[in-house]
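Okay, final_12.txt now, which holds compact mmCIF, C-alpha atoms and all ligand atoms:
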# COMPACT_ATOMS: atom_id res chain seq x y z
CA MET A 1 149.58 140.75 97.19
CA GLN A 2 153.03 140.24 95.71
CA THR A 3 154.98 139.65 98.92
CA GLN A 4 152.44 137.10 100.09
CA ASP A 5 152.70 135.27 96.79
CA ALA A 6 156.47 135.19 97.08
CA PHE A 7 156.12 133.76 100.55
CA ASP A 8 153.57 131.11 99.54
CA LYS A 9 155.85 130.00 96.74
CA ARG A 10 158.83 129.65 99.04
CA PHE A 11 156.91 127.99 101.87
CA PRO A 12 153.92 126.19 100.35
CA ASP A 13 153.14 124.03 103.39
CA GLU A 14 154.03 122.98 106.91
CA ASN A 15 156.67 120.48 105.80
CA ALA A 16 158.49 123.07 103.70
CA CYS A 17 158.77 125.22 106.85
CA ARG A 18 159.94 122.31 108.99
CA GLU A 19 162.56 121.36 106.43
CA TYR A 20 163.80 124.93 106.29
CA LEU A 21 163.91 125.30 110.07
CA LYS A 22 165.82 122.03 110.37
CA LYS A 23 168.38 123.23 107.85
CA MET A 24 168.80 126.66 109.47
CA ARG A 25 168.91 125.33 112.97
CA TRP A 26 171.27 122.43 112.40
CA PRO A 27 173.31 123.19 109.26
CA ASP A 28 175.78 120.42 110.21
CA GLY A 29 173.18 117.80 111.06
CA VAL A 30 170.58 117.44 113.80
CA LYS A 31 171.87 117.77 117.36
CA CYS A 32 170.10 117.12 120.62
CA PRO A 33 168.89 120.49 122.01
CA ARG A 34 169.31 119.19 125.53
CA CYS A 35 172.84 117.72 125.57
CA GLY A 36 174.27 118.64 122.16
CA HIS A 37 174.85 115.03 121.12
CA ASP A 38 174.80 114.46 117.36
CA LYS A 39 173.86 110.77 117.26
CA VAL A 40 170.11 111.11 117.36
CA TYR A 41 167.47 108.93 115.74
CA GLU A 42 164.55 110.22 113.73
CA LEU A 43 161.25 108.65 114.74
CA LYS A 44 159.94 106.86 111.66
CA ALA A 45 156.31 107.38 112.55
CA ARG A 46 156.81 111.06 113.38
CA PRO A 47 158.84 113.06 110.87
CA PHE A 48 160.84 115.99 112.30
CA ASN A 49 160.90 114.28 115.70
CA TRP A 50 164.03 112.64 117.09
CA VAL A 51 165.18 110.76 120.14
CA CYS A 52 168.52 111.15 121.94
CA LYS A 53 169.86 108.23 123.98
CA SER A 54 173.30 109.66 124.72
CA GLY A 55 173.05 108.94 128.44
CA LYS A 56 174.56 112.40 129.03
CA GLU A 57 173.49 114.70 131.84
CA SER A 58 172.96 118.41 131.36
CA VAL A 59 171.80 121.22 133.66
CA ASN A 60 168.86 123.44 132.81
CA LYS A 61 170.38 126.93 133.03
CA SER A 62 167.25 128.64 134.27
CA THR A 63 166.02 126.10 136.81
CA GLY A 64 169.24 124.30 137.79
CA GLU A 65 167.46 121.01 137.20
CA VAL A 66 169.64 118.07 136.08
CA LEU A 67 168.30 116.48 132.92
CA THR A 68 169.35 113.21 131.39
CA CYS A 69 169.05 111.94 127.84
CA ASN A 70 168.24 108.51 129.20
CA LYS A 71 169.88 105.54 127.46
CA LYS A 72 166.80 103.43 127.76
CA ASN A 73 163.82 105.64 126.97
CA GLY A 74 165.72 108.54 125.50
CA TYR A 75 164.85 112.19 125.26
CA ARG A 76 162.41 113.11 122.53
CA PHE A 77 162.46 116.43 120.73
CA SER A 78 161.10 117.97 117.57
CA VAL A 79 162.27 120.58 115.12
CA ILE A 80 160.55 123.33 117.19
CA THR A 81 161.80 122.22 120.64
CA HIS A 82 163.56 125.13 122.40
CA THR A 83 162.65 127.65 119.70
CA VAL A 84 160.20 130.55 119.90
CA PHE A 85 157.77 128.38 117.94
CA GLU A 86 157.39 125.93 120.79
CA ASN A 87 154.13 125.44 122.78
CA THR A 88 151.89 126.95 120.18
CA LYS A 89 148.68 125.96 118.50
CA ARG A 90 149.47 127.89 115.36
CA PRO A 91 151.22 126.04 112.55
CA LEU A 92 154.82 126.84 111.77
CA VAL A 93 153.79 128.33 108.45
CA SER A 94 151.85 131.11 110.22
CA TRP A 95 154.96 131.98 112.28
CA PHE A 96 157.07 132.06 109.15
CA LYS A 97 154.57 134.25 107.36
CA ILE A 98 154.41 136.76 110.19
CA GLY A 99 158.21 136.93 110.48
CA TYR A 100 158.58 137.24 106.73
CA LEU A 101 156.06 140.05 106.40
CA MET A 102 157.55 141.89 109.38
CA LEU A 103 160.92 141.90 107.67
CA VAL A 104 159.89 142.75 104.11
CA SER A 105 157.80 145.70 105.18
CA LYS A 106 160.35 148.51 105.37
CA LYS A 107 158.32 150.61 107.76
CA GLY A 108 157.15 147.81 109.97
CA ILE A 109 153.72 146.27 110.08
CA SER A 110 151.38 146.07 113.05
CA ALA A 111 150.07 142.84 114.53
CA LEU A 112 146.59 143.99 113.58
CA GLN A 113 147.50 144.45 109.91
CA LEU A 114 149.18 141.04 109.91
CA HIS A 115 146.17 139.45 111.51
CA ARG A 116 143.85 140.94 108.90
CA MET A 117 146.11 139.79 106.08
CA MET A 118 146.03 136.23 107.36
CA PHE A 119 142.49 135.85 108.63
CA GLY A 120 140.49 138.69 107.13
CA SER A 121 139.09 141.59 109.12
CA LYS A 122 136.09 139.72 110.49
CA HIS A 123 138.03 137.30 112.63
CA LEU A 124 139.44 139.41 115.41
CA ASP A 125 138.81 136.91 118.18
CA ASN A 126 142.22 135.29 117.79
CA TYR A 127 144.03 138.56 117.41
CA HIS A 128 145.80 138.23 120.74
CA THR A 129 147.54 135.06 119.53
CA THR A 130 148.87 136.88 116.47
CA TRP A 131 150.08 139.69 118.72
CA CYS A 132 151.92 137.16 120.94
CA GLN A 133 153.54 135.60 117.87
CA CYS A 134 154.81 139.04 116.82
CA MET A 135 156.26 139.63 120.29
CA ARG A 136 158.06 136.28 120.36
CA LEU A 137 159.50 136.88 116.90
CA ARG A 138 160.72 140.30 118.02
CA GLY A 139 162.53 138.50 120.83
CA ALA A 140 164.36 136.47 118.20
CA MET A 141 165.50 139.69 116.52
CA ARG A 142 167.66 140.73 119.46
CA ASP A 143 171.23 141.37 118.39
CA SER A 144 173.55 139.38 120.60
CA GLU A 145 176.69 140.95 119.21
CA TRP A 146 177.48 144.06 117.23
CA GLU A 147 180.46 146.14 116.26
CA GLN A 148 181.22 149.62 117.53
CA LEU A 149 180.03 152.36 115.20
CA MET A 150 182.57 154.06 112.92
CA GLY A 151 182.62 156.89 110.39
CA GLU A 152 180.06 159.65 110.91
CA VAL A 153 177.78 158.93 113.86
CA GLU A 154 174.63 160.69 115.04
CA ILE A 155 173.39 160.35 118.61
CA ASP A 156 169.96 161.43 119.78
CA GLU A 157 167.08 160.55 122.09
CA VAL A 158 163.37 160.09 121.61
CA TYR A 159 160.45 159.93 124.06
CA LEU A 160 157.78 157.36 123.42
CA GLY A 161 154.41 156.69 124.92
CA GLY A 162 152.70 159.01 127.35
CA LYS A 163 149.56 161.05 127.15
CA GLU A 164 148.17 162.13 123.81
CA LYS A 165 148.22 165.84 124.66
CA ASN A 166 151.96 165.74 125.32
CA LYS A 167 152.96 163.85 122.21
CA HIS A 168 153.71 166.81 119.97
CA LYS A 169 155.57 169.05 122.32
CA GLY A 170 158.94 167.82 121.13
CA LYS A 171 161.98 167.62 123.29
CA ARG A 172 162.37 169.73 126.37
CA VAL A 173 163.64 169.36 129.87
CA GLY A 174 160.89 168.30 132.19
CA ASN A 175 159.56 165.48 134.24
CA TRP A 176 158.97 162.98 131.49
CA ALA A 177 158.48 160.08 133.82
CA SER A 178 155.37 161.66 135.30
CA GLN A 179 153.91 161.95 131.81
CA GLY A 180 154.43 158.23 131.31
CA LYS A 181 157.01 158.70 128.59
CA THR A 182 159.94 156.40 128.09
CA GLU A 183 163.23 157.69 126.83
CA VAL A 184 165.22 155.81 124.21
CA ILE A 185 168.78 156.70 123.25
CA GLY A 186 170.28 155.73 119.91
CA ALA A 187 173.42 156.07 117.84
CA ILE A 188 173.49 155.59 114.09
CA ALA A 189 176.46 155.31 111.76
CA ARG A 190 175.53 156.99 108.48
CA LYS A 191 175.42 154.24 105.85
CA GLY A 192 175.86 151.76 108.70
CA ASN A 193 174.16 150.32 111.72
CA ILE A 194 172.02 151.66 114.51
CA VAL A 195 172.19 150.74 118.19
CA CYS A 196 169.53 151.87 120.63
CA GLN A 197 168.42 151.15 124.15
CA MET A 198 165.81 152.21 126.65
CA VAL A 199 167.00 154.73 129.24
CA GLU A 200 166.34 153.36 132.72
CA GLU A 201 168.02 156.13 134.67
CA ALA A 202 168.37 159.50 132.96
CA ASP A 203 171.70 160.41 134.53
CA PHE A 204 175.12 161.34 133.23
CA SER A 205 176.61 157.84 133.46
CA THR A 206 173.82 156.33 131.34
CA TYR A 207 174.60 158.62 128.38
CA ASP A 208 178.33 158.41 128.93
CA ASN A 209 178.32 154.59 129.08
CA PHE A 210 176.13 154.36 126.03
CA VAL A 211 178.52 156.43 123.91
CA ARG A 212 181.63 154.61 125.12
CA LYS A 213 180.00 151.25 124.51
CA THR A 214 178.52 151.92 121.07
CA VAL A 215 180.91 154.36 119.37
CA SER A 216 184.44 153.49 118.32
CA GLY A 217 187.27 155.73 119.54
CA ARG A 218 188.33 156.08 115.89
CA VAL A 219 185.05 157.68 114.79
CA ASN A 220 185.30 160.66 112.36
CA LEU A 221 182.40 162.67 113.71
CA ILE A 222 179.77 162.54 116.43
CA ALA A 223 176.84 164.83 115.67
CA THR A 224 174.21 165.65 118.30
CA ASP A 225 171.93 168.52 119.15
CA GLU A 226 172.88 170.99 121.86
CA THR A 227 171.77 168.82 124.79
CA PHE A 228 173.91 168.93 127.93
CA ARG A 229 174.21 165.13 127.84
CA TYR A 230 177.19 165.00 125.51
CA ARG A 231 179.03 168.18 126.47
CA HIS A 232 181.93 166.17 127.85
CA LEU A 233 182.65 164.18 124.66
CA ARG A 234 185.26 166.59 123.32
CA SER A 235 187.26 166.38 126.51
CA LEU A 236 187.33 162.60 126.01
CA GLY A 237 188.87 163.13 122.57
CA PHE A 238 185.75 162.45 120.47
CA PRO A 239 185.28 164.71 117.41
CA HIS A 240 181.93 166.00 118.68
CA GLU A 241 179.95 168.71 116.85
CA ILE A 242 176.52 170.08 117.64
CA VAL A 243 173.64 171.69 115.80
CA THR A 244 171.68 174.12 117.91
CA HIS A 245 168.05 173.15 117.39
CA LYS A 246 167.00 175.85 119.84
CA ARG A 247 168.29 178.44 117.37
CA GLU A 248 166.63 176.58 114.51
CA GLU A 249 169.92 175.32 113.21
CA TYR A 250 169.35 171.80 111.85
CA VAL A 251 172.10 171.23 109.32
CA ARG A 252 175.61 172.62 109.22
CA GLY A 253 177.48 170.71 106.53
CA LYS A 254 177.94 167.20 107.85
CA VAL A 255 176.68 168.15 111.27
CA HIS A 256 173.05 167.10 111.63
CA THR A 257 170.93 164.36 113.18
CA GLN A 258 168.59 163.68 110.27
CA ASN A 259 169.31 159.98 109.86
CA ILE A 260 168.51 159.10 113.42
CA GLU A 261 165.47 161.35 113.37
CA SER A 262 164.09 159.42 110.38
CA PHE A 263 164.62 156.24 112.32
CA TRP A 264 162.79 157.72 115.33
CA SER A 265 159.80 158.63 113.22
CA LEU A 266 159.56 155.07 111.88
CA LEU A 267 159.89 153.71 115.38
CA ARG A 268 157.33 156.14 116.78
CA ARG A 269 154.83 155.17 114.11
CA GLY A 270 155.46 151.49 114.73
CA VAL A 271 154.98 151.79 118.44
CA MET A 272 151.96 154.11 118.25
CA GLY A 273 150.32 151.97 115.59
CA THR A 274 150.02 149.04 117.94
CA TYR A 275 146.62 147.97 119.04
CA HIS A 276 147.77 147.11 122.54
CA LYS A 277 148.79 150.06 124.66
CA MET A 278 152.51 150.49 124.46
CA SER A 279 154.10 149.41 127.66
CA ARG A 280 157.63 149.87 128.96
CA ASP A 281 157.93 146.10 129.16
CA TYR A 282 157.37 145.67 125.45
CA LEU A 283 159.46 148.58 124.22
CA PRO A 284 162.80 146.68 124.09
CA LEU A 285 161.13 144.17 121.75
CA TYR A 286 160.08 146.93 119.37
CA LEU A 287 163.60 148.33 119.52
CA SER A 288 164.94 144.88 118.57
CA GLU A 289 162.60 144.66 115.61
CA PHE A 290 163.30 148.12 114.19
CA THR A 291 167.05 147.80 114.76
CA PHE A 292 167.17 144.33 113.22
CA ARG A 293 165.36 145.50 110.10
CA HIS A 294 167.45 148.65 109.72
CA ASN A 295 170.78 146.89 110.20
CA ARG A 296 169.94 144.28 107.58
CA ARG A 297 168.35 146.57 105.03
CA HIS A 298 171.02 145.63 102.46
CA ASP A 299 171.04 141.92 103.25
CA ASP A 300 169.65 139.45 100.73
CA ASP A 301 167.73 137.36 103.20
CA PRO A 302 167.22 138.72 106.74
CA PHE A 303 164.46 136.15 107.13
CA ALA A 304 167.04 133.32 107.09
CA GLU A 305 168.84 134.98 109.97
CA LEU A 306 165.63 135.41 111.92
CA ILE A 307 164.83 131.71 111.59
CA SER A 308 168.29 130.62 112.67
CA ASN A 309 168.01 132.92 115.74
CA ALA A 310 164.56 131.66 116.63
ZN ZN A 401 170.64 114.48 124.36
The structure in this file should be written as structure tokens.
Ligand SMILES: [Zn+2]
Amino acid sequence: MQTQDAFDKRFPDENACREYLKKMRWPDGVKCPRCGHDKVYELKARPFNWVCKSGKESVNKSTGEVLTCNKKNGYRFSVITHTVFENTKRPLVSWFKIGYLMLVSKKGISALQLHRMMFGSKHLDNYHTTWCQCMRLRGAMRDSEWEQLMGEVEIDEVYLGGKEKNKHKGKRVGNWASQGKTEVIGAIARKGNIVCQMVEEADFSTYDNFVRKTVSGRVNLIATDETFRYRHLRSLGFPHEIVTHKREEYVRGKVHTQNIESFWSLLRRGVMGTYHKMSRDYLPLYLSEFTFRHNRRHDDDPFAELISNA
């Protein structure tokens, strides 16, 4: 397969991956991941491993534990320390390959497909490990910062998961929670980025906060369907227009929600195509993946960004 060949050429072995990770992680030279010190010594016998003897103290943010890069024995770290690739039996090259294939496949690729591509269909016993790798990589696709959406923006919601018999009923008011469905809200700037999030509490302030947070006040158009959720937007000064899906009106000039609906159908397929049952806990990770890929669809090398975030 062409994409796999391109990958193998770029990353022929474990050392090529380590070299690349080192460059992406520390473009200005290797720094201690514990204290940030830049005078570290590479261990001659163990390439891509360093020791820091800064004598500095630092506090572990999650545990509050005080850690020292001891002057005598030093603190040892490797190129994968404090990355998503840490504590793993799989070689770095398998992580890179999974991340690469996830990003080049425009519609997303399931962990099962990836597993088959790498190990053949007969070796399903290690499938869970591949699935975990996918999940960790999705975690590295989380956008830490983004700009408010401008231009023409579409806002819509989608319901994911739930029982098979309810999947095709479309949108309607009802007790979705009891059907096990999870609501996701999203806003997309045509020709631009998408932002989406899981709805924890389906109340007015959730929708209101989402719009205020994601959409710029200087937007040219906000298009939604007729849902009650956004009825207040005009009174806030937003140029809000609706299409009335109930009356089978889907497009009125620029007013439609077709871009975000295409995104939903990709997302729905991606989530449904997973071998593991979709769970609420995992959904934000899928949202990260699909958003990351969409928002970098014109970038030359989204993979480079993934590796520097990892
Ligand atoms: Zn240090």
Contacts of A:Arg218 at 12 Å or less, counting only C-alpha atoms, minus same-chain residues fewer than 5 places along, as a PyMOL selection string?
chain A and resi 148-153+212+237-239
One residue among A:Pro12, A:Gly64, A:Gly99, A:Gly120 is nearest to A:Gly139 when using only C-alpha atoms, and that residue is A:Gly99
Given only C-alpha atoms as the basis, pick out the residue of A:Val30, A:Val195, A:Leu101, A:Ile188 nearest to A:Ser144.
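Under the stated criterion, the closest residue is A:Val195.
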Quick one: residues within 12 Å of A:Trp146, only C-alpha atoms, excluding same-chain residues fewer than 5 positions away - as a short mmCIF file (atom, residue, chain, number, x, y, z; two decimals) with C-alpha atoms, in the frame of the given file?
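Dumped to result.cif:
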data_model
loop_
_atom_site.label_atom_id
_atom_site.label_comp_id
_atom_site.auth_asym_id
_atom_site.auth_seq_id
_atom_site.Cartn_x
_atom_site.Cartn_y
_atom_site.Cartn_z
CA GLY A 192 175.86 151.76 108.70
CA ASN A 193 174.16 150.32 111.72
CA ILE A 194 172.02 151.66 114.51
CA VAL A 195 172.19 150.74 118.19
CA CYS A 196 169.53 151.87 120.63
CA LYS A 213 180.00 151.25 124.51
CA THR A 214 178.52 151.92 121.07
CA VAL A 215 180.91 154.36 119.37
CA SER A 216 184.44 153.49 118.32
CA THR A 291 167.05 147.80 114.76
CA PHE A 292 167.17 144.33 113.22
CA ASN A 295 170.78 146.89 110.20
#
What does the structure give for the distance between atom CA of A:Asn60 and atom CA of A:His37, in Å to one decimal?
15.6 Å
Could you give me, as a PyMOL selection string, every polymer residue with an atom at most 9 Å away from an atom of ligand ZN 401 (chain A), counting all atoms listed in the file?
chain A and resi 31-40+51-58+68-70+74-76
A:Arg18 environment, 8 Å, only C-alpha atoms, sequence neighbours closer than 6 positions dropped, as a short mmCIF file (atom, residue, chain, number, x, y, z; two decimals) with C-alpha atoms, in the coordinates of the input:
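Generated file (out_25.cif):
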data_model
loop_
_atom_site.label_atom_id
_atom_site.label_comp_id
_atom_site.auth_asym_id
_atom_site.auth_seq_id
_atom_site.Cartn_x
_atom_site.Cartn_y
_atom_site.Cartn_z
CA PHE A 48 160.84 115.99 112.30
CA VAL A 79 162.27 120.58 115.12
CA LEU A 92 154.82 126.84 111.77
#
Between A:Asp5, A:Asp299, A:Glu241, A:Glu14, which one has atoms that come closest to A:His256, using all atoms listed in the file?
A:Glu241
Between A:Lys97, A:Lys122, A:Lys71, A:Arg293, smallest distance to A:Leu267 by all atoms listed in the file belongs to A:Arg293
Would you list the contacts of A:His240 as a PyMOL selection string, taking every protein, DNA or RNA residue within 10 Å and counting only C-alpha atoms, but skipping same-chain residues closer than 4 positions in sequence?
chain A and resi 153-154+219-224+230-236+255
Point-to-point distance in Å for atom CA of A:Asp156 and atom CA of A:Asp225
7.4 Å
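Coordinates place atom CA of A:Thr227 at a distance of 25.5 Å from atom CA of A:Met272.
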For A:Leu285, please output as an MDAnalysis selection string all residues within 9 Å (counting only C-alpha atoms; exclusion window: fewer than 5 positions along the same chain).
chainID A and resid 135:139 141:142 290
For the residues in the current selection, export C-alpha atoms as a PDB file, keeping the file's coordinate frame.
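Resulting contents of result.pdb:
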ATOM      1  CA  MET A 135     156.260 139.630 120.290  1.00  0.00           C
ATOM      2  CA  ARG A 136     158.060 136.280 120.360  1.00  0.00           C
ATOM      3  CA  LEU A 137     159.500 136.880 116.900  1.00  0.00           C
ATOM      4  CA  ARG A 138     160.720 140.300 118.020  1.00  0.00           C
ATOM      5  CA  GLY A 139     162.530 138.500 120.830  1.00  0.00           C
ATOM      6  CA  MET A 141     165.500 139.690 116.520  1.00  0.00           C
ATOM      7  CA  ARG A 142     167.660 140.730 119.460  1.00  0.00           C
ATOM      8  CA  PHE A 290     163.300 148.120 114.190  1.00  0.00           C
TER       9      PHE A 290
END
Could you check the closest approach to A:Arg229 for each of A:Ile242, A:Leu112, A:Cys132, A:Leu160 and tell me which residue wins, using all atoms listed in the file?
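For A:Arg229, the nearest of the candidates is A:Ile242.
Nearest residue to A:Lys191 among A:Lys72, A:Arg25, A:His294, A:Lys246 is A:His294, counting all atoms listed in the file.
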